[in-house]
$ cat my_file25.txt   # compact mmCIF, C-alpha atoms
# COMPACT_ATOMS: atom_id res chain seq x y z
CA GLY X 3 58.08 30.27 25.21
CA ALA X 4 56.84 33.61 26.42
CA VAL X 5 59.29 36.35 27.34
CA VAL X 6 59.35 38.21 30.64
CA SER X 7 61.80 41.06 31.01
CA GLN X 8 62.93 42.36 34.39
CA HIS X 9 64.83 45.57 34.95
CA PRO X 10 67.28 46.44 36.37
CA SER X 11 69.31 43.25 36.58
CA ARG X 12 71.51 44.66 39.29
CA VAL X 13 71.18 47.65 41.60
CA ILE X 14 73.14 49.04 44.51
CA CYS X 15 71.43 51.60 46.70
CA LYS X 16 72.07 53.41 49.95
CA SER X 17 70.29 52.44 53.11
CA GLY X 18 67.07 54.41 53.51
CA THR X 19 66.41 54.95 49.82
CA SER X 20 63.75 53.29 47.67
CA VAL X 21 64.29 51.07 44.66
CA LYS X 22 61.82 50.21 41.92
CA ILE X 23 62.02 46.98 39.94
CA GLU X 24 60.01 46.51 36.74
CA CYS X 25 58.66 43.28 35.33
CA ARG X 26 57.26 43.26 31.80
CA SER X 27 55.65 40.54 29.74
CA LEU X 28 56.85 41.25 26.22
CA ASP X 29 54.75 39.00 24.04
CA PHE X 30 51.69 38.04 26.06
CA GLN X 31 49.17 39.55 28.41
CA ALA X 32 49.97 38.72 32.00
CA THR X 33 46.75 38.43 33.94
CA THR X 34 48.72 37.55 37.04
CA MET X 35 52.27 38.32 38.11
CA PHE X 36 54.22 36.99 41.05
CA TRP X 37 57.20 38.31 42.97
CA TYR X 38 59.71 35.97 44.58
CA ARG X 39 62.77 36.45 46.72
CA GLN X 40 65.78 34.15 46.75
CA PHE X 41 68.60 34.15 49.27
CA PRO X 42 71.99 32.65 48.32
CA LYS X 43 71.86 28.90 47.80
CA GLN X 44 68.22 28.74 48.78
CA SER X 45 64.96 28.18 46.98
CA LEU X 46 62.52 30.82 45.76
CA MET X 47 60.03 32.16 48.28
CA LEU X 48 56.81 33.76 47.08
CA MET X 49 56.37 37.32 48.33
CA ALA X 50 53.14 38.40 46.67
CA THR X 51 50.67 37.79 43.88
CA SER X 52 49.31 40.64 41.80
CA ASN X 53 46.39 40.68 39.41
CA GLU X 54 46.03 43.45 36.87
CA GLY X 55 44.03 46.34 38.24
CA SER X 56 43.68 45.05 41.79
CA LYS X 57 45.66 45.10 45.00
CA ALA X 58 48.40 42.58 45.51
CA THR X 59 48.01 39.66 47.87
CA TYR X 60 50.99 39.32 50.17
CA GLU X 61 52.31 36.15 51.75
CA GLN X 62 52.46 35.90 55.49
CA GLY X 63 55.44 37.74 56.93
CA VAL X 64 55.91 40.05 53.92
CA GLU X 65 55.43 43.72 54.82
CA LYS X 66 53.13 45.28 52.26
CA ASP X 67 54.14 48.81 53.22
CA LYS X 68 57.76 47.96 52.60
CA PHE X 69 57.34 46.03 49.37
CA LEU X 70 54.90 48.04 47.27
CA ILE X 71 53.53 46.20 44.26
CA ASN X 72 51.66 47.78 41.39
CA HIS X 73 50.16 45.92 38.45
CA ALA X 74 48.61 48.71 36.44
CA SER X 75 48.51 47.01 33.07
CA LEU X 76 48.47 43.54 31.56
CA THR X 77 52.14 43.82 30.67
CA LEU X 78 53.75 45.58 33.61
CA SER X 79 54.15 45.01 37.32
CA THR X 80 56.49 46.92 39.59
CA LEU X 81 57.98 46.13 42.98
CA THR X 82 59.23 49.06 45.04
CA VAL X 83 61.42 48.33 48.03
CA THR X 84 60.89 51.34 50.29
CA SER X 85 63.37 52.59 52.86
CA ALA X 86 65.74 49.78 51.98
CA HIS X 87 68.00 48.26 54.62
CA PRO X 88 70.96 45.91 54.22
CA GLU X 89 68.79 42.93 55.21
CA ASP X 90 66.66 43.62 52.10
CA SER X 91 69.65 42.72 49.96
CA SER X 92 68.60 39.70 47.93
CA PHE X 93 67.74 38.36 44.49
CA TYR X 94 64.22 39.34 43.45
CA ILE X 95 62.50 37.49 40.58
CA CYS X 96 59.16 38.08 38.94
CA SER X 97 57.01 35.67 36.98
CA ALA X 98 53.93 36.04 34.84
CA ILE X 99 51.10 33.86 33.64
CA ASN X 100 48.17 34.28 31.31
CA LEU X 101 45.21 32.57 32.92
CA GLY X 102 43.35 32.69 29.62
CA LEU X 103 45.80 30.14 28.22
CA ASN X 104 47.11 27.98 31.02
CA THR X 105 49.07 28.44 34.21
CA GLU X 106 52.56 27.94 32.86
CA ALA X 107 54.74 30.55 34.54
CA PHE X 108 57.57 32.41 32.83
CA PHE X 109 60.25 34.21 34.79
CA GLY X 110 62.20 37.40 34.42
CA GLN X 111 65.98 37.50 34.62
CA GLY X 112 65.93 38.59 38.25
CA THR X 113 67.27 41.66 40.04
CA ARG X 114 70.16 41.49 42.44
CA LEU X 115 69.65 44.20 45.05
CA THR X 116 72.48 45.26 47.31
CA VAL X 117 71.77 47.81 50.03
CA VAL X 118 74.84 49.49 51.48
CA GLY D 17 51.20 25.50 51.51
CA ILE D 18 52.27 22.41 49.66
CA GLN D 19 55.56 20.84 50.66
CA VAL D 20 57.91 20.08 47.78
CA GLU D 21 60.98 17.95 48.34
CA GLN D 22 63.68 17.32 45.77
CA SER D 23 66.41 14.73 45.73
CA PRO D 24 69.29 14.47 45.64
CA PRO D 25 70.27 17.93 46.95
CA ASP D 26 73.62 17.76 45.18
CA LEU D 27 74.83 15.70 42.26
CA ILE D 28 78.19 15.52 40.55
CA LEU D 29 78.38 13.79 37.19
CA GLN D 30 81.02 12.99 34.68
CA GLU D 31 80.24 14.44 31.27
CA GLY D 32 78.25 11.92 29.25
CA ALA D 33 76.56 10.31 32.24
CA ASN D 34 72.82 10.05 32.76
CA SER D 35 70.88 11.14 35.84
CA THR D 36 67.43 11.18 37.40
CA LEU D 37 66.19 13.97 39.62
CA ARG D 38 63.14 13.44 41.80
CA CYS D 39 60.43 15.77 43.07
CA ASN D 40 57.91 14.70 45.72
CA PHE D 41 54.96 16.87 46.71
CA SER D 42 52.55 16.66 49.58
CA ASP D 43 49.16 17.36 47.99
CA SER D 44 47.20 17.35 44.74
CA VAL D 45 48.49 19.81 42.18
CA ASN D 46 47.08 21.56 39.12
CA ASN D 47 50.44 22.19 37.54
CA LEU D 48 54.04 21.14 37.85
CA GLN D 49 57.01 22.78 36.19
CA TRP D 50 60.71 21.98 36.02
CA PHE D 51 63.23 24.80 35.75
CA HIS D 52 66.97 25.13 35.31
CA GLN D 53 68.51 28.10 37.09
CA ASN D 54 71.70 29.14 35.36
CA PRO D 55 74.69 30.72 37.14
CA TRP D 56 73.28 34.21 36.48
CA GLY D 57 70.03 33.39 38.23
CA GLN D 58 67.79 33.10 35.18
CA LEU D 59 65.10 30.46 35.49
CA ILE D 60 64.73 28.56 32.25
CA ASN D 61 61.50 26.66 31.64
CA LEU D 62 62.19 22.99 30.97
CA PHE D 63 58.80 21.33 31.25
CA TYR D 64 55.20 22.20 32.04
CA ILE D 65 54.03 18.76 33.08
CA PRO D 66 51.06 18.33 35.43
CA SER D 67 50.87 14.68 34.36
CA GLY D 68 52.29 12.25 31.85
CA THR D 69 55.63 12.17 30.07
CA LYS D 70 57.34 14.72 27.86
CA GLN D 71 60.66 14.76 26.08
CA ASN D 72 62.78 17.59 24.78
CA GLY D 73 66.11 16.55 23.34
CA ARG D 74 68.29 15.02 26.03
CA LEU D 75 65.78 15.87 28.72
CA SER D 76 62.57 14.13 29.59
CA ALA D 77 60.14 14.32 32.48
CA THR D 78 57.43 12.18 33.94
CA THR D 79 54.79 13.21 36.47
CA VAL D 80 52.66 10.65 38.28
CA ALA D 81 50.12 12.94 39.87
CA THR D 82 48.26 10.19 41.71
CA GLU D 83 51.46 9.20 43.51
CA ARG D 84 52.60 12.80 43.96
CA TYR D 85 55.98 12.74 42.32
CA SER D 86 57.79 13.82 39.20
CA LEU D 87 61.09 12.76 37.68
CA LEU D 88 63.46 14.67 35.44
CA TYR D 89 65.84 12.61 33.31
CA ILE D 90 69.02 14.07 31.90
CA SER D 91 70.86 11.90 29.39
CA SER D 92 74.38 12.33 28.04
CA SER D 93 75.01 15.22 30.40
CA GLN D 94 77.11 18.20 29.29
CA THR D 95 78.99 20.80 31.31
CA THR D 96 76.39 23.36 30.26
CA ASP D 97 73.78 21.33 32.16
CA SER D 98 75.38 22.46 35.42
CA GLY D 99 73.24 24.62 37.66
CA VAL D 100 70.30 24.23 39.99
CA TYR D 101 67.19 22.34 38.93
CA PHE D 102 63.94 23.31 40.58
CA CYS D 103 60.61 21.60 40.59
CA ALA D 104 57.64 23.87 41.33
CA VAL D 105 53.99 22.99 41.84
CA GLU D 106 50.73 24.86 41.73
CA GLY D 107 48.22 23.73 44.31
CA ALA D 108 44.50 23.41 43.82
CA GLY D 109 42.75 26.76 44.20
CA ALA D 110 45.88 28.85 43.69
CA ASN D 111 47.91 30.00 40.71
CA ASN D 112 51.24 30.61 42.42
CA LEU D 113 54.06 28.09 42.37
CA PHE D 114 55.61 26.48 45.42
CA PHE D 115 59.25 25.71 44.77
CA GLY D 116 61.15 22.67 45.83
CA THR D 117 64.49 22.73 47.58
CA GLY D 118 66.40 22.27 44.33
CA THR D 119 69.09 19.89 43.07
CA ARG D 120 72.49 21.40 42.41
CA LEU D 121 74.05 19.60 39.45
CA THR D 122 77.70 19.84 38.57
CA VAL D 123 78.88 18.18 35.36
CA ILE D 124 82.62 17.78 35.15
CA PRO D 125 84.54 17.25 31.90
$ encode --input "my_file25.txt" --output "structure tokens"
Amino acid sequence: GAVVSQHPSRVICKSGTSVKIECRSLDFQATTMFWYRQFPKQSLMLMATSNEGSKATYEQGVEKDKFLINHASLTLSTLTVTSAHPEDSSFYICSAINLGLNTEAFFGQGTRLTVV
Amino acid sequence: GIQVEQSPPDLILQEGANSTLRCNFSDSVNNLQWFHQNPWGQLINLFYIPSGTKQNGRLSATTVATERYSLLYISSSQTTDSGVYFCAVEGAGANNLFFGTGTRLTVIP
């Protein structure tokens, strides 16, 4: 299957700082990327959908000014958590699809964010 | 969005046993995928199965789209099968996946 790489896998940051998470499709062109959030022992919740070269579409209740998403190329999307607070601590996972092929989604390894 | 329910929520098996995990969804779907989330959080693709039956080694899956459910079969379970199994569906008119509630499987030696 296709490979999606997410970096960093784990990050600890101080409250008030910003953190950037990268999601790369290594062996295919990702026309669309998705960002999910997962709390302990819960399912994945979609945060936003990004298409290459256009603005991200955010799910209801997700603050777009807090979670900045950029999808500047067909292989890279970034999620920046701005002015992080302890309640932003979570597991963030990206996925990517190539609409030119099918809609099978492949996921990155996830990023565990801890805000102290 | 589409509602996705999985059952059972938790399952404990003796190594070597077989099991069936179920996924029910509330509306028509374009795509359905099964994933295994390992202890480190990585989601591993098991099946891309909007309809029909597929098999991969000890795992197989069947989706009956008209009746809005999918089944994942695990045969001769191994301790490495432990983890959380998610079903996720893509609704008509959207490309994002809605995840089910998950089944936490524990295989004991």
$ atom_distance --input "my_file25.txt" --atom1 "CA of Gly17 in chain D" --atom2 "CA of Trp50 in chain D"
18.5 Å
$ closest_residue --input "my_file25.txt" --among "X:His87, X:Lys66, X:His73, X:Cys96" --to "Trp37 in chain X" --atoms "all atoms listed in the file"
X:Cys96
$ interface_residues --input "my_file25.txt" --of "chain X" --to "chain D" --cutoff "8 Å" --atoms "only C-alpha atoms" --output "list in words"
Phe36, Gln44, Ser45, Leu46, Met47, Leu48, Thr51, Thr105, Glu106, Phe108, Phe109, Gly110, Gln111 and Gly112 of chain X
$ residues_around --input "my_file25.txt" --residues "Arg74 in chain D" --least-positions-apart "5" --cutoff "12 Å" --atoms "only C-alpha atoms" --output "MDAnalysis selection string"
chainID D and resid 32:35 62 88:94 97
$ atom_distance --input "my_file25.txt" --atom1 "CA of Leu29 in chain D" --atom2 "CA of Val123 in chain D"
4.8 Å
$ residues_around --input "my_file25.txt" --residues "Asn40 in chain D" --least-positions-apart "3" --cutoff "8 Å" --atoms "only C-alpha atoms" --output "list of chain:residue names"
D:Val20, D:Glu21, D:Gln22, D:Arg84, D:Tyr85, D:Ser86
$ closest_residue --input "my_file25.txt" --among "X:Asn53, X:Ala107, X:Lys68, X:Pro88" --to "Val6 in chain X" --atoms "only C-alpha atoms"
X:Ala107
$ closest_residue --input "my_file25.txt" --among "D:Asn72, D:Leu87, D:Ala81, D:Gln30" --to "Asp43 in chain D" --atoms "only C-alpha atoms"
D:Ala81
$ atom_distance --input "my_file25.txt" --atom1 "CA of Leu70 in chain X" --atom2 "CA of Ala50 in chain X"
9.8 Å
$ residues_near_point --input "my_file25.txt" --point "(74.4, 46.2, 44.2)" --cutoff "6 Å" --atoms "all atoms listed in the file" --output "list in words"
Arg12, Val13, Ile14, Leu115 and Thr116 of chain X
$ residues_around --input "my_file25.txt" --residues "range 15-26 of chain X" --least-positions-apart "4" --cutoff "8 Å" --atoms "only C-alpha atoms" --output "list in words"
Val6, Ser7, Gln8, His9, Pro10, Thr77, Leu78, Ser79, Thr80, Leu81, Thr82, Val83, Thr84, Ser85, Ala86, His87, Pro88, Cys96, Ser97, Gly110, Thr113, Leu115, Thr116, Val117 and Val118 of chain X
$ closest_residue --input "my_file25.txt" --among "X:Ala4, X:Glu65, X:Glu54, X:Pro42" --to "Phe93 in chain X" --atoms "only C-alpha atoms"
X:Pro42
